[in-house]
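**Student:** This is the structure I want to talk about, given as structure tokens.
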Amino acid sequence: MISLKCENLYVGYDGKTVAGPFDFEIGSGDYLCVVGNNGSGKTTFMKTLLGLLPPVSGRIVFGGGRTHPGVGYLPQQTSVQRDFPATAKEIVLSGCAGKMFLSRADKRKAEFNMNRTGVLSVGNKCYRELSGGQQQRVLLARALCAANDIMLLDEPVSGLDPTAAKEMYKIIKELNRDGMTIIMISHDMQSVAENASCILHVGDTIYFGGRDEYYRSFSENGGR
Amino acid sequence: MNTIGHFQKTGDADMLDKLLYYFQFPFVTYALIAGALTALCSSVFGVTLVLRRFSFIGDGLSHVAFFGMAIAGVLSVSNSMLIVMPVTIICAIAVLCTGKNSKIRGDASIAMLSVGALALGYLVMNLFSVSSNLSGDVCSTLFGSASILTLSLSEVWLCVILSAAVILLFVLFYNKIFSVTFDSDFAQSTGIRTRIFNLLSAVVIAVIIVLAMNLVGSLLISALIIFPALSAMRLFKSYRAVIIFSAVFSVVCAVAGILTAVLTGTPVGSTVVAVDIAGFLICCGCGLILRRA
Ligand SMILES: Nc1ncnc2c1ncn2[C@@H]1O[C@H](COP(=O)(O)OP(=O)(O)OP(=O)(O)O)[C@@H](O)[C@H]1O
Ligand SMILES: [Mg+2]
């Protein structure tokens, strides 16, 4: 089943193209890694998928023809105010805030996801007093609350120590095994090689292909 | 100006008696109701404004409302609300709904609006005013001198209905307000239409500010917005607790301030703000002690 399809998609700001054309589709349960240099337009591409930016041209289709597919999103950086009073639990619950009132099921879902990412014990602590890694896990749990079957992660391990990064990859891998489609921006080529099922390279030319094809063409061309 | 003076009872020093005496007059009850409700509305939305770095919006918009009043005065419109409300709402939308990429950022545009509207309002009053007591008029719109003690029953009802609407909106949209304030990009990705949301909150904030002008006048509105939020943030770390505490804080300070003003004959607006400042200092102290412990 198709999970996401881009048709001749160009992304950018104010009508000015940053990257494109994207022309590919992924199935549900795929693990897509998006790679490319700093400033090549990966975050821009992801924001366009989320509907935060309008496409410059082209089309995005989600599986089942849904307009709003219930995607989970872990941003590259949140400009959270330093003095924002909010507990970890309140933030995770805000992943369910698409609807008016929170049901008991939503609260259970939040607790379940906090348990999954290992932040249940700090649930009542203030977000700004958590460590960077804990904050990242709280945001992951929030994204999980919003996700039906697609997760978009923008450099989920930036700022994490190697152990925490490994842990993060493990959580993401488990989600993927449970059937979640993962789209992840990453600079960590080792984890890309280990986990990805397909790879999207963003740069002057856009490349999309299976992991093994990518590495074959990568070695033939002597790098991109 | 000197509404209180007429009711000054001679030769009775007992505060309670004096208070009971004043409660015979409906204007005291009206003032308390209107004051408490305005304080409640401005504090719950104040938290959001402070967190979105719009602390000074109260200042800017109230000066716009001042400008609106000047225009209404010159045109001698019977109900000045008809001009003040639309003008304030339009400016609120212009400031709060500019995107993140706009050329002039939030604080600068508020400062521009604030100073510009104040200057033009005074200019208009000066050039076209028919009143003999110009500086008295200006002073009372800026500092709200005694206008809250001269509310009519219909004005109190208007205040009650508008505040009820504001509070209802806040309760209904509590979760979404949190989500958008904390991270508006993420909120949009979960399907919240942040653009409409910002529009709606701009309208609500404009309404609150026009209401609050009755209570403290346009120079002191920022105090109603900032002090409850900052006091609560000194003490509490969860959003819900901050909202609840700032609402209670604000209502208590407003009631205490109005009663003090009535009893001692001081100007209402400045007295309420003085009580707010005292409350803020107490909260700072408690916050320090809590953190040490
Ligand atoms: N708000 C913006 N308005 C206009 N141009 C922008 C904006 N944000 C980013 N850009 C430009 O778009 C280009 C792509 O930026 P983007 O953030 O998508 O890069 P990226 O691939 O995510 O890089 P990184 O690996 O550093 O995260 C950059 O050249 C940047 O200058
Ligand atoms: Mg990026």
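Order determines the names: the first chain of the structure tokens is A, the second B, and so forth; residues in each chain are numbered 1 upward, and ligands are numbered 1 upward as they are shown.
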Which residues, written as a PyMOL selection string, have at least one atom at most 9 Å from range 173-189 of chain A, with only C-alpha atoms counted and residues fewer than 3 positions away on the same chain left out?

**Tutor:** chain A and resi 3+26-37+42-43+46+147-158+168-170+192-195

**Student:** Thr117 in chain A: which residues within 12 Å, counting only C-alpha atoms, same-chain residues fewer than 4 positions away excluded, as a VMD selection string?

**Tutor:** chain A and resid 92 110 to 113 121 to 123 133 to 145 164 167 to 172 174 to 175

**Student:** Around ligand 1, out to 6 Å and counting only C-alpha atoms and all ligand atoms, which residues are there? I want them as a ChimeraX atom specification.

**Tutor:** /A:13,18,37-44

**Student:** How would the residues just picked look written out with N, CA and C atoms as a PDB file, in the first residue's frame?

**Tutor:**
```pdb
ATOM      1  N   TYR A  13      10.729  28.661  -0.449  1.00  0.00           N
ATOM      2  CA  TYR A  13      10.074  29.733   0.299  1.00  0.00           C
ATOM      3  C   TYR A  13       9.616  30.840  -0.644  1.00  0.00           C
ATOM      4  N   VAL A  18      13.931  25.843  -3.484  1.00  0.00           N
ATOM      5  CA  VAL A  18      15.155  25.469  -2.784  1.00  0.00           C
ATOM      6  C   VAL A  18      15.629  24.102  -3.273  1.00  0.00           C
ATOM      7  N   ASN A  37      23.631  17.654   2.212  1.00  0.00           N
ATOM      8  CA  ASN A  37      24.455  18.631   2.930  1.00  0.00           C
ATOM      9  C   ASN A  37      23.608  19.632   3.705  1.00  0.00           C
ATOM     10  N   ASN A  38      24.257  20.357   4.587  1.00  0.00           N
ATOM     11  CA  ASN A  38      23.583  21.453   5.287  1.00  0.00           C
ATOM     12  C   ASN A  38      23.077  22.453   4.263  1.00  0.00           C
ATOM     13  N   GLY A  39      21.837  22.872   4.461  1.00  0.00           N
ATOM     14  CA  GLY A  39      21.284  23.900   3.573  1.00  0.00           C
ATOM     15  C   GLY A  39      20.806  23.381   2.237  1.00  0.00           C
ATOM     16  N   SER A  40      20.749  22.052   2.077  1.00  0.00           N
ATOM     17  CA  SER A  40      20.320  21.526   0.779  1.00  0.00           C
ATOM     18  C   SER A  40      18.798  21.511   0.641  1.00  0.00           C
ATOM     19  N   GLY A  41      18.069  21.649   1.748  1.00  0.00           N
ATOM     20  CA  GLY A  41      16.610  21.750   1.650  1.00  0.00           C
ATOM     21  C   GLY A  41      15.854  20.581   2.252  1.00  0.00           C
ATOM     22  N   LYS A  42      16.506  19.816   3.126  1.00  0.00           N
ATOM     23  CA  LYS A  42      15.839  18.657   3.733  1.00  0.00           C
ATOM     24  C   LYS A  42      14.707  19.089   4.657  1.00  0.00           C
ATOM     25  N   THR A  43      15.002  20.043   5.536  1.00  0.00           N
ATOM     26  CA  THR A  43      13.971  20.521   6.459  1.00  0.00           C
ATOM     27  C   THR A  43      12.827  21.180   5.691  1.00  0.00           C
ATOM     28  N   THR A  44      13.189  21.939   4.652  1.00  0.00           N
ATOM     29  CA  THR A  44      12.170  22.581   3.822  1.00  0.00           C
ATOM     30  C   THR A  44      11.242  21.530   3.213  1.00  0.00           C
TER      31      THR A  44
END
```

**Student:** From a backbone DSSP assignment, name each residue in range 12-211 of chain A labelled helix (DSSP H, G or I), as a ChimeraX atom specification.

**Tutor:** /A:42-50,63-65,88-96,104-116,120-122,127-129,132-146,162-177,189-195,211

**Student:** If we count only C-alpha atoms and set the cut-off at 8 Å, which residues sit around Ala70 in chain B, ignoring sequence neighbours fewer than 6 positions away in its own chain? Please answer as a list in words.

**Tutor:**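 That gives Gly121, Tyr122, Val124 and Met125 of chain B.
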
**Student:** Please identify all residues of chain B having at least one atom at most 12 Å from any atom of chain A, considering only C-alpha atoms, and return them as JSON, numbers by chain.

**Tutor:** {"B": [47, 48, 49, 50, 51, 52, 53, 101, 102, 169, 170, 171, 172, 173, 174, 175, 176, 177, 178, 179, 180, 181, 182, 183, 184, 185, 186, 187, 188, 189, 190, 191, 192, 193, 194, 195, 229, 230, 232, 233, 234, 235, 236, 237, 238, 239, 240, 241, 242, 243]}

**Student:** From the set A:Gln76, A:Gly210, A:Gly12, A:Phe62, which residue has the shortest atom-to-atom contact distance to ligand 2, counting only C-alpha atoms and all ligand atoms?

**Tutor:** A:Gln76

**Student:** Counting only C-alpha atoms, what is within 12 Å of Leu75 in chain B, bar same-chain residues fewer than 5 positions away, as a list in words?

**Tutor:**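 With the cut-off at 12 Å, the set is Gly68, Met69, Ala70, Ser80, Leu82, Ile83, Val124, Met125, Phe128, Ser129 and Val130 of chain B.
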
**Student:** Quick one: of A:Val202, A:Val56, A:Leu130, A:Leu9, who's nearest to ligand 2, counting only C-alpha atoms and all ligand atoms?

**Tutor:**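 Among the listed residues, the smallest separation from ligand 2 belongs to A:Val202.
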
**Student:** Can you tell me which residues surround Leu211 in chain B at a distance of at most 10 Å, considering only C-alpha atoms, apart from same-chain residues fewer than 3 positions away, and format the answer as a compact mmCIF listing (two decimals) with C-alpha atoms, in the first residue's frame?

**Tutor:**
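Wrote it out as around_39.txt, contents follow:
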```
# COMPACT_ATOMS: atom_id res chain seq x y z
CA ALA B 34 -16.60 44.63 36.26
CA GLY B 35 -13.15 44.84 37.84
CA LEU B 37 -14.19 39.96 35.48
CA THR B 38 -11.80 42.14 33.53
CA ALA B 39 -8.93 41.06 35.74
CA CYS B 41 -9.96 37.71 31.42
CA SER B 42 -6.77 39.69 31.13
CA SER B 62 -4.68 50.46 24.59
CA MET B 85 -13.71 48.38 19.21
CA LEU B 158 -21.96 44.28 28.49
CA CYS B 159 -18.86 43.58 30.53
CA LEU B 162 -18.13 39.78 26.95
CA SER B 163 -16.11 38.30 29.81
CA ILE B 205 -7.34 40.25 23.11
CA ALA B 206 -8.64 43.47 21.58
CA VAL B 207 -11.95 42.97 23.41
CA ILE B 208 -10.16 42.36 26.70
CA ASN B 214 -12.45 51.06 32.03
CA LEU B 215 -10.65 49.56 34.95
CA VAL B 216 -7.13 50.95 34.86
CA GLY B 217 -7.02 53.27 31.87
CA ILE B 221 -3.27 47.87 31.09
```

**Student:** Do you know which residues are at most 8 Å from Gly209 in chain A counting only C-alpha atoms, after dropping those on the same chain fewer than 4 positions away, and could you put them as number ranges by chain?

**Tutor:** A: 198-200, 213-214

**Student:** For the residues in that selection, give me N, CA and C atoms as a PDB file, in the first residue's frame.

**Tutor:**
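Produced file result.pdb, reproduced below:
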```
ATOM      1  N   CYS A 198      15.006   2.644   2.310  1.00  0.00           N
ATOM      2  CA  CYS A 198      15.293   3.405   1.102  1.00  0.00           C
ATOM      3  C   CYS A 198      15.876   4.761   1.485  1.00  0.00           C
ATOM      4  N   ILE A 199      16.498   5.406   0.517  1.00  0.00           N
ATOM      5  CA  ILE A 199      17.239   6.639   0.792  1.00  0.00           C
ATOM      6  C   ILE A 199      16.870   7.703  -0.224  1.00  0.00           C
ATOM      7  N   LEU A 200      16.688   8.917   0.300  1.00  0.00           N
ATOM      8  CA  LEU A 200      16.440  10.071  -0.558  1.00  0.00           C
ATOM      9  C   LEU A 200      17.607  11.020  -0.365  1.00  0.00           C
ATOM     10  N   GLU A 213      20.891  -0.076  -3.728  1.00  0.00           N
ATOM     11  CA  GLU A 213      21.160   0.636  -4.978  1.00  0.00           C
ATOM     12  C   GLU A 213      21.918   1.913  -4.703  1.00  0.00           C
ATOM     13  N   TYR A 214      21.507   2.616  -3.638  1.00  0.00           N
ATOM     14  CA  TYR A 214      22.125   3.897  -3.316  1.00  0.00           C
ATOM     15  C   TYR A 214      23.618   3.716  -3.093  1.00  0.00           C
TER      16      TYR A 214
END
```

**Student:** Quick one, how far is CA of Ala293 in chain B from CA of Ile225 in chain B?

**Tutor:**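 Computed distance, CA of Ala293 in chain B to CA of Ile225 in chain B, equals 29.7 Å.
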
**Student:** Can you work out the spacing between CA of Ile60 in chain A and CA of Asp212 in chain A in Å, to one decimal?

**Tutor:**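 Straight-line distance from CA of Ile60 in chain A to CA of Asp212 in chain A works out to 25.8 Å.
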
**Student:** Give me the residues near Ile148 in chain B as JSON, numbers by chain, where near means some atom within 12 Å (using only C-alpha atoms) and where sequence neighbours in that chain fewer than 5 positions away do not count.

**Tutor:** {"B": [1, 3, 4, 26, 27, 28, 29, 30, 31, 32, 33, 34, 35, 36, 38, 140, 141, 143, 153, 155, 156, 159, 211, 212, 213, 214, 215, 216, 217, 254, 258, 261, 262, 267, 268, 269, 272]}

**Student:** To one decimal place, how far is CA of Ile226 in chain B from CA of Ala65 in chain B in Å?

**Tutor:**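 Interatomic distance here is 18.8 Å.
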
**Student:** Any chance you could list, as a PyMOL selection string, the residues in range 20-218 of chain A that come up strand (DSSP E) when DSSP is run on the backbone?

**Tutor:** chain A and resi 20-27+31-35+57-62+71-74+150-154+181-185+198-201+207-210
